[in-house]
>>> print(open('target39.pdb').read())   # PDB, C-alpha atoms and all ligand atoms
ATOM      1  CA  MET Q 254     -21.350 -24.638  29.341
ATOM      2  CA  ILE Q 255     -24.394 -26.540  30.528
ATOM      3  CA  ARG Q 256     -27.427 -24.453  31.395
ATOM      4  CA  ARG Q 257     -28.794 -25.503  34.738
ATOM      5  CA  LYS Q 258     -32.061 -24.928  36.519
ATOM      6  CA  MET Q 259     -32.660 -25.244  40.216
ATOM      7  CA  ILE Q 260     -35.609 -26.256  42.373
ATOM      8  CA  LYS Q 261     -35.517 -25.794  46.142
ATOM      9  CA  PHE Q 262     -37.426 -27.714  48.789
ATOM     10  CA  ILE Q 263     -37.568 -27.701  52.537
ATOM     11  CA  SER Q 264     -38.035 -31.152  54.042
ATOM     12  CA  HIS Q 265     -39.279 -31.429  57.630
ATOM     13  CA  SER Q 266     -39.003 -35.183  58.004
ATOM     14  CA  VAL Q 267     -37.480 -38.383  56.652
ATOM     15  CA  LYS Q 268     -40.833 -39.093  55.003
ATOM     16  CA  GLU Q 269     -40.798 -35.793  53.106
ATOM     17  CA  THR Q 270     -37.211 -36.362  51.990
ATOM     18  CA  MET Q 271     -38.200 -39.781  50.670
ATOM     19  CA  THR Q 272     -41.216 -38.320  48.903
ATOM     20  CA  ILE Q 273     -39.047 -35.793  47.054
ATOM     21  CA  GLY Q 274     -36.663 -38.607  46.044
ATOM     22  CA  SER Q 275     -39.544 -40.771  44.929
ATOM     23  CA  ARG Q 276     -41.018 -38.015  42.779
ATOM     24  CA  LEU Q 277     -37.673 -37.250  41.207
ATOM     25  CA  ALA Q 278     -37.395 -40.950  40.314
ATOM     26  CA  ARG Q 279     -40.332 -40.603  37.929
ATOM     27  CA  HIS Q 280     -38.274 -38.266  35.775
ATOM     28  CA  LEU Q 281     -35.227 -40.469  35.595
ATOM     29  CA  LYS Q 282     -34.201 -42.019  32.345
ATOM     30  CA  VAL Q 283     -31.644 -44.673  31.568
ATOM     31  CA  GLY Q 284     -28.143 -43.258  32.028
ATOM     32  CA  ASN Q 285     -29.083 -40.474  34.417
ATOM     33  CA  ILE Q 286     -26.746 -39.912  37.337
ATOM     34  CA  VAL Q 287     -28.096 -38.402  40.533
ATOM     35  CA  ALA Q 288     -25.223 -36.762  42.383
ATOM     36  CA  LEU Q 289     -25.985 -36.242  46.085
ATOM     37  CA  SER Q 290     -23.887 -33.887  48.188
ATOM     38  CA  GLY Q 291     -24.090 -32.779  51.818
ATOM     39  CA  ILE Q 292     -22.517 -33.615  55.155
ATOM     40  CA  PHE Q 293     -22.935 -36.759  57.304
ATOM     41  CA  GLY Q 294     -26.530 -37.283  58.299
ATOM     42  CA  ALA Q 295     -27.832 -34.785  55.755
ATOM     43  CA  GLY Q 296     -30.326 -37.296  54.337
ATOM     44  CA  LYS Q 297     -28.613 -38.611  51.194
ATOM     45  CA  THR Q 298     -29.326 -42.262  51.938
ATOM     46  CA  TYR Q 299     -32.975 -41.595  52.828
ATOM     47  CA  PHE Q 300     -33.327 -39.652  49.603
ATOM     48  CA  THR Q 301     -31.867 -42.661  47.772
ATOM     49  CA  LYS Q 302     -34.459 -44.877  49.477
ATOM     50  CA  GLY Q 303     -37.088 -42.504  48.126
ATOM     51  CA  ILE Q 304     -35.657 -42.834  44.619
ATOM     52  CA  ALA Q 305     -35.722 -46.622  45.059
ATOM     53  CA  GLN Q 306     -39.359 -46.440  46.126
ATOM     54  CA  GLY Q 307     -40.189 -44.329  43.080
ATOM     55  CA  LEU Q 308     -38.484 -46.866  40.819
ATOM     56  CA  GLY Q 309     -40.663 -49.625  42.277
ATOM     57  CA  ILE Q 310     -37.924 -51.347  44.268
ATOM     58  CA  LYS Q 311     -39.636 -53.504  46.880
ATOM     59  CA  ARG Q 312     -37.214 -54.195  49.722
ATOM     60  CA  LEU Q 313     -36.454 -50.631  50.785
ATOM     61  CA  ASN Q 314     -34.779 -51.761  54.011
ATOM     62  CA  GLU Q 315     -32.029 -53.233  51.848
ATOM     63  CA  VAL Q 316     -31.249 -49.822  50.368
ATOM     64  CA  LYS Q 317     -28.117 -48.699  52.171
ATOM     65  CA  SER Q 318     -24.753 -47.333  51.142
ATOM     66  CA  PRO Q 319     -22.459 -50.035  49.812
ATOM     67  CA  SER Q 320     -19.721 -50.882  52.298
ATOM     68  CA  PHE Q 321     -18.044 -54.150  51.268
ATOM     69  CA  VAL Q 322     -18.864 -53.900  47.583
ATOM     70  CA  LEU Q 323     -18.345 -50.917  45.306
ATOM     71  CA  CYS Q 324     -21.931 -50.669  44.284
ATOM     72  CA  ASN Q 325     -25.344 -51.921  45.385
ATOM     73  CA  ILE Q 326     -27.649 -52.798  42.536
ATOM     74  CA  TYR Q 327     -31.408 -52.961  43.017
ATOM     75  CA  GLN Q 328     -33.891 -54.068  40.386
ATOM     76  CA  GLY Q 329     -36.734 -51.625  39.844
ATOM     77  CA  LYS Q 330     -39.787 -52.069  37.642
ATOM     78  CA  ARG Q 331     -38.466 -50.030  34.765
ATOM     79  CA  LEU Q 332     -34.834 -49.347  35.626
ATOM     80  CA  LYS Q 333     -32.096 -50.738  37.837
ATOM     81  CA  LEU Q 334     -30.624 -48.526  40.529
ATOM     82  CA  TYR Q 335     -26.834 -48.492  40.880
ATOM     83  CA  HIS Q 336     -26.035 -47.051  44.295
ATOM     84  CA  PHE Q 337     -22.509 -45.727  44.950
ATOM     85  CA  ASP Q 338     -20.988 -43.790  47.829
ATOM     86  CA  ALA Q 339     -17.866 -41.817  46.912
ATOM     87  CA  GLN Q 340     -16.982 -41.536  50.620
ATOM     88  CA  ARG Q 341     -16.506 -45.296  50.805
ATOM     89  CA  LEU Q 342     -14.894 -45.914  47.472
ATOM     90  CA  PRO Q 343     -11.211 -46.843  47.587
ATOM     91  CA  ASP Q 344     -10.564 -45.046  44.325
ATOM     92  CA  ALA Q 345     -13.568 -43.193  43.039
ATOM     93  CA  LYS Q 346     -11.833 -41.895  39.936
ATOM     94  CA  GLU Q 347     -10.918 -45.399  38.894
ATOM     95  CA  LEU Q 348     -14.488 -46.491  39.422
ATOM     96  CA  LEU Q 349     -15.800 -43.744  37.196
ATOM     97  CA  LYS Q 350     -13.619 -45.088  34.412
ATOM     98  CA  LEU Q 351     -14.627 -48.705  34.939
ATOM     99  CA  GLY Q 352     -18.067 -49.054  36.365
ATOM    100  CA  LEU Q 353     -20.382 -46.145  35.896
ATOM    101  CA  THR Q 354     -20.933 -46.788  32.233
ATOM    102  CA  GLU Q 355     -22.889 -49.941  33.035
ATOM    103  CA  CYS Q 356     -25.839 -47.937  34.271
ATOM    104  CA  PHE Q 357     -26.066 -46.246  30.893
ATOM    105  CA  TYR Q 358     -27.605 -49.423  29.471
ATOM    106  CA  ASP Q 359     -30.267 -50.449  31.947
ATOM    107  CA  GLY Q 360     -30.487 -48.113  34.860
ATOM    108  CA  VAL Q 361     -29.678 -44.979  36.739
ATOM    109  CA  CYS Q 362     -26.862 -44.209  39.118
ATOM    110  CA  VAL Q 363     -27.054 -42.536  42.507
ATOM    111  CA  MET Q 364     -23.759 -41.278  43.912
ATOM    112  CA  GLU Q 365     -23.594 -40.187  47.554
ATOM    113  CA  TRP Q 366     -20.817 -37.734  48.484
ATOM    114  CA  ALA Q 367     -20.643 -36.530  44.881
ATOM    115  CA  GLU Q 368     -18.719 -33.417  45.939
ATOM    116  CA  LYS Q 369     -15.693 -35.697  46.002
ATOM    117  CA  LEU Q 370     -16.064 -36.155  42.242
ATOM    118  CA  PRO Q 371     -16.105 -32.667  40.676
ATOM    119  CA  ARG Q 372     -15.788 -34.069  37.176
ATOM    120  CA  LEU Q 373     -18.916 -36.130  37.615
ATOM    121  CA  ASN Q 374     -20.868 -33.018  38.501
ATOM    122  CA  ARG Q 375     -20.035 -31.430  35.179
ATOM    123  CA  GLN Q 376     -21.655 -34.188  33.087
ATOM    124  CA  PRO Q 377     -24.825 -33.100  31.248
ATOM    125  CA  ASN Q 378     -26.732 -36.229  32.304
ATOM    126  CA  VAL Q 379     -26.168 -35.461  35.981
ATOM    127  CA  ILE Q 380     -28.923 -34.239  38.285
ATOM    128  CA  GLN Q 381     -27.343 -32.594  41.305
ATOM    129  CA  VAL Q 382     -29.037 -32.744  44.680
ATOM    130  CA  LYS Q 383     -27.519 -30.703  47.483
ATOM    131  CA  PHE Q 384     -28.577 -31.143  51.128
ATOM    132  CA  THR Q 385     -28.102 -28.493  53.803
ATOM    133  CA  LEU Q 386     -28.971 -28.998  57.463
ATOM    134  CA  LYS Q 387     -31.325 -26.301  58.713
ATOM    135  CA  GLY Q 388     -32.351 -27.882  62.010
ATOM    136  CA  LYS Q 389     -32.734 -31.219  63.757
ATOM    137  CA  THR Q 390     -35.266 -32.460  61.211
ATOM    138  CA  LYS Q 391     -35.208 -29.616  58.687
ATOM    139  CA  ARG Q 392     -33.242 -29.976  55.457
ATOM    140  CA  LEU Q 393     -32.848 -27.678  52.456
ATOM    141  CA  ILE Q 394     -32.818 -29.812  49.312
ATOM    142  CA  GLU Q 395     -31.716 -28.136  46.080
ATOM    143  CA  ILE Q 396     -32.130 -30.022  42.829
ATOM    144  CA  GLY Q 397     -30.041 -28.741  39.926
ATOM    145  CA  TYR Q 398     -30.691 -30.120  36.504
ATOM    146  CA  ASN Q 399     -30.173 -29.608  32.830
ATOM    147  CA  ARG Q 400     -33.025 -27.877  30.988
ATOM    148  CA  LEU Q 401     -33.553 -31.035  29.008
ATOM    149  CA  HIS Q 402     -34.518 -33.049  32.073
ATOM    150  CA  LYS Q 403     -37.904 -31.289  32.165
ATOM    151  CA  VAL Q 404     -38.163 -31.548  35.923
ATOM    152  CA  THR Q 405     -40.802 -29.097  37.065
ATOM    153  CA  ARG Q 406     -41.564 -27.856  40.521
ATOM    154  CA  SER Q 407     -45.258 -28.558  40.252
ATOM    155  CA  TYR Q 408     -44.573 -32.125  39.243
ATOM    156  CA  LEU Q 409     -42.263 -32.671  42.187
ATOM    157  CA  ARG Q 410     -44.500 -30.978  44.729
ATOM    158  CA  LEU Q 411     -45.214 -32.592  48.052
ATOM    159  CA  GLN Q 412     -48.810 -33.707  48.457
TER     160      GLN Q 412
HETATM  161  N1  LIG K   1     -35.840 -34.134  56.975
HETATM  162  C1  LIG K   1     -34.984 -35.175  57.080
HETATM  163  N2  LIG K   1     -34.591 -35.852  55.975
HETATM  164  C2  LIG K   1     -33.717 -36.874  56.071
HETATM  165  N3  LIG K   1     -33.156 -37.319  57.220
HETATM  166  C3  LIG K   1     -33.521 -36.685  58.344
HETATM  167  C4  LIG K   1     -34.441 -35.595  58.326
HETATM  168  N4  LIG K   1     -34.625 -35.163  59.611
HETATM  169  C5  LIG K   1     -33.852 -35.936  60.374
HETATM  170  N5  LIG K   1     -33.193 -36.868  59.647
HETATM  171  C6  LIG K   1     -32.215 -37.837  60.192
HETATM  172  O1  LIG K   1     -30.952 -37.555  59.610
HETATM  173  C7  LIG K   1     -30.277 -38.762  59.294
HETATM  174  C8  LIG K   1     -30.065 -38.875  57.796
HETATM  175  O2  LIG K   1     -29.387 -40.072  57.551
HETATM  176  P1  LIG K   1     -28.827 -40.499  56.126
HETATM  177  O3  LIG K   1     -28.178 -41.835  56.341
HETATM  178  O4  LIG K   1     -29.882 -40.387  55.097
HETATM  179  O5  LIG K   1     -27.722 -39.369  55.888
HETATM  180  P2  LIG K   1     -26.541 -39.359  54.822
HETATM  181  O6  LIG K   1     -26.531 -37.983  54.233
HETATM  182  O7  LIG K   1     -26.678 -40.505  53.887
HETATM  183  O8  LIG K   1     -25.256 -39.539  55.756
HETATM  184  P3  LIG K   1     -23.810 -40.215  55.399
HETATM  185  O9  LIG K   1     -22.991 -39.152  54.753
HETATM  186  O10 LIG K   1     -23.289 -40.596  56.740
HETATM  187  O11 LIG K   1     -24.058 -41.370  54.485
HETATM  188  C9  LIG K   1     -31.125 -39.897  59.851
HETATM  189  O12 LIG K   1     -30.690 -40.183  61.162
HETATM  190  C10 LIG K   1     -32.532 -39.288  59.858
HETATM  191  O13 LIG K   1     -33.361 -39.847  60.845
HETATM  192 MG    MG K   2     -25.479 -42.072  53.326
END
>>> encode(input="target39.pdb", output="structure tokens")
Amino acid sequence: MIRRKMIKFISHSVKETMTIGSRLARHLKVGNIVALSGIFGAGKTYFTKGIAQGLGIKRLNEVKSPSFVLCNIYQGKRLKLYHFDAQRLPDAKELLKLGLTECFYDGVCVMEWAEKLPRLNRQPNVIQVKFTLKGKTKRLIEIGYNRLHKVTRSYLRLQ
């Protein structure tokens, strides 16, 4: 059984959502998987843009969910970002067997619609981020992580 900790945030804007993503990015290590869950329009892709920003990826307007390819790969300063969307994958389980391991060598993986992959969520190297709509521009963002990730609320705080 993996011991998990949880940090909660309220975001009031796209900018704040990106800031939380960008701060989380500083904690990411090679092989981490960030599993994003929440309904359509919850903010998963904007959060991913924030992670991309935090990893030093320049062309943020190119950060969007993959539609014709299985995975978008962006080169950051320190790590690559492998961006998946389980909602758009023809066979997500198959992909987990084939592709995800690549990010264990030189990058991190972000998976949108991770609730479709319950097995992924049980991996110890997974950081879970759950989005809940609380209003037109208000989102509850809950980050669940393994104790070993050393993610602290003060480090992630909005400034
Ligand atoms: N606080 C907020 N954080 C993020 N997005 C917000 C916020 N407030 C409003 N929005 C709006 O919500 C939408 C979020 O879009 P985004 O593509 O990030 O969602 P998503 O969870 O990836 O959806 P999908 O499941 O369709 O991929 C955008 O239209 C954005 O302008
Ligand atoms: Mg999306």
>>> residues_near_point(input="target39.pdb", point="(-38.3, -43.9, 44.7)", cutoff="9 Å", atoms="only C-alpha atoms", output="PyMOL selection string")
chain Q and resi 271-279+300-310
>>> residues_near_ligand(input="target39.pdb", ligand="ligand MG 2 (chain K)", cutoff="6 Å", atoms="all atoms listed in the file", output="PyMOL selection string")
chain Q and resi 297-298+318
>>> write_last_selection(input="target39.pdb", atoms="C-alpha atoms", output="JSON list (two decimals), in the frame of the given file")
[["chain", "number", "residue", "atom", "x", "y", "z"],
["Q", 297, "LYS", "CA", -28.61, -38.61, 51.19],
["Q", 298, "THR", "CA", -29.33, -42.26, 51.94],
["Q", 318, "SER", "CA", -24.75, -47.33, 51.14]]
>>> axis_aligned_box(input="target39.pdb", around="range 265-278 of chain Q", padding_each_side="4 Å", output="AutoDock Vina command-line options")
--center_x -38.9 --center_y -36.2 --center_z 49.2 --size_x 12.6 --size_y 17.5 --size_z 25.7
>>> atom_distance(input="target39.pdb", atom1="CA of Cys362 in chain Q", atom2="CA of Lys387 in chain Q")
26.9 Å
>>> resolve_selection(input="target39.pdb", expression="the PyMOL selection byres (((chain Q and resi 341) around 12) and not hetatm)", output="list in words")
Ser318, Pro319, Ser320, Phe321, Val322, Leu323, Cys324, His336, Phe337, Asp338, Ala339, Gln340, Leu342, Pro343, Asp344, Ala345, Leu348, Met364, Glu365, Trp366, Ala367 and Lys369 of chain Q
>>> residues_near_ligand(input="target39.pdb", ligand="ligand LIG 1 (chain K)", cutoff="6 Å", atoms="only C-alpha atoms and all ligand atoms", output="list of chain:residue names")
Q:Ser264, Q:His265, Q:Ser266, Q:Val267, Q:Thr270, Q:Ile292, Q:Phe293, Q:Gly294, Q:Ala295, Q:Gly296, Q:Lys297, Q:Thr298, Q:Tyr299, Q:Lys389, Q:Thr390, Q:Lys391, Q:Arg392
>>> atom_distance(input="target39.pdb", atom1="CA of Met259 in chain Q", atom2="CA of Asn399 in chain Q")
8.9 Å
>>> closest_residue(input="target39.pdb", among="Q:Gly284, Q:Gln328, Q:Ile396, Q:Arg312", to="Lys383 in chain Q", atoms="only C-alpha atoms")
Q:Ile396
>>> atom_distance(input="target39.pdb", atom1="CA of Ile286 in chain Q", atom2="CA of Val379 in chain Q")
4.7 Å
>>> residues_near_point(input="target39.pdb", point="(-32.3, -26.9, 40.8)", cutoff="8 Å", atoms="all atoms listed in the file", output="ChimeraX atom specification")
/Q:257-261,381-382,395-398
>>> decode(input="target39.pdb", residues="range 305-386 of chain Q", atoms="C-alpha atoms", output="tab-separated table (two decimals), in the first residue's frame")
chain	number	residue	atom	x	y	z
Q	305	ALA	CA	5.64	22.72	-19.72
Q	306	GLN	CA	6.44	26.28	-18.68
Q	307	GLY	CA	8.06	25.03	-15.49
Q	308	LEU	CA	10.18	22.59	-17.48
Q	309	GLY	CA	11.45	25.45	-19.64
Q	310	ILE	CA	9.54	24.51	-22.79
Q	311	LYS	CA	9.44	27.59	-25.00
Q	312	ARG	CA	6.54	27.29	-27.44
Q	313	LEU	CA	3.67	26.95	-24.98
Q	314	ASN	CA	1.05	27.52	-27.68
Q	315	GLU	CA	2.10	24.18	-29.14
Q	316	VAL	CA	1.18	22.38	-25.92
Q	317	LYS	CA	-2.15	20.75	-26.66
Q	318	SER	CA	-3.60	17.29	-26.27
Q	319	PRO	CA	-2.36	14.91	-28.94
Q	320	SER	CA	-5.06	14.16	-31.50
Q	321	PHE	CA	-3.49	12.51	-34.56
Q	322	VAL	CA	-0.49	11.06	-32.75
Q	323	LEU	CA	-0.49	9.06	-29.53
Q	324	CYS	CA	1.80	11.39	-27.72
Q	325	ASN	CA	3.17	14.92	-28.02
Q	326	ILE	CA	6.78	15.26	-26.98
Q	327	TYR	CA	8.24	18.62	-26.00
Q	328	GLN	CA	11.87	19.25	-25.17
Q	329	GLY	CA	12.41	21.04	-21.88
Q	330	LYS	CA	15.67	22.32	-20.43
Q	331	ARG	CA	16.20	19.42	-18.10
Q	332	LEU	CA	13.55	16.88	-19.06
Q	333	LYS	CA	11.32	16.03	-22.00
Q	334	LEU	CA	7.57	16.15	-21.53
Q	335	TYR	CA	5.54	13.25	-22.93
Q	336	HIS	CA	1.94	14.41	-23.16
Q	337	PHE	CA	-0.82	11.78	-23.46
Q	338	ASP	CA	-4.60	12.00	-23.32
Q	339	ALA	CA	-6.32	8.74	-22.35
Q	340	GLN	CA	-9.62	10.10	-23.72
Q	341	ARG	CA	-8.15	10.17	-27.22
Q	342	LEU	CA	-6.12	7.01	-27.14
Q	343	PRO	CA	-7.46	4.15	-29.26
Q	344	ASP	CA	-6.21	1.60	-26.76
Q	345	ALA	CA	-4.76	3.15	-23.66
Q	346	LYS	CA	-3.89	-0.15	-22.03
Q	347	GLU	CA	-1.84	-1.17	-25.03
Q	348	LEU	CA	-0.05	2.15	-24.93
Q	349	LEU	CA	0.87	1.70	-21.30
Q	350	LYS	CA	2.58	-1.54	-22.24
Q	351	LEU	CA	4.41	-0.08	-25.23
Q	352	GLY	CA	5.11	3.57	-24.85
Q	353	LEU	CA	5.12	4.93	-21.35
Q	354	THR	CA	8.41	3.35	-20.43
Q	355	GLU	CA	10.24	5.70	-22.78
Q	356	CYS	CA	9.72	8.63	-20.46
Q	357	PHE	CA	11.51	6.73	-17.71
Q	358	TYR	CA	14.82	7.48	-19.44
Q	359	ASP	CA	14.71	11.16	-20.29
Q	360	GLY	CA	11.51	12.78	-19.21
Q	361	VAL	CA	8.23	12.90	-17.43
Q	362	CYS	CA	4.78	11.88	-18.58
Q	363	VAL	CA	1.55	13.81	-18.25
Q	364	MET	CA	-1.63	11.80	-18.79
Q	365	GLU	CA	-4.94	13.64	-19.19
Q	366	TRP	CA	-8.10	11.67	-18.34
Q	367	ALA	CA	-6.09	9.37	-16.08
Q	368	GLU	CA	-9.28	8.11	-14.41
Q	369	LYS	CA	-9.62	5.88	-17.46
Q	370	LEU	CA	-6.43	4.09	-16.40
Q	371	PRO	CA	-6.94	2.91	-12.80
Q	372	ARG	CA	-3.81	0.79	-12.89
Q	373	LEU	CA	-1.69	3.78	-13.76
Q	374	ASN	CA	-2.96	5.59	-10.69
Q	375	ARG	CA	-1.65	2.88	-8.42
Q	376	GLN	CA	1.99	3.26	-9.52
Q	377	PRO	CA	4.29	4.71	-6.84
Q	378	ASN	CA	5.91	7.16	-9.27
Q	379	VAL	CA	2.55	8.72	-10.10
Q	380	ILE	CA	1.52	12.17	-8.90
Q	381	GLN	CA	-2.25	12.44	-9.08
Q	382	VAL	CA	-3.90	15.76	-9.82
Q	383	LYS	CA	-7.67	15.93	-9.56
Q	384	PHE	CA	-9.68	18.91	-10.87
Q	385	THR	CA	-13.17	19.80	-9.67
Q	386	LEU	CA	-15.24	22.64	-11.11
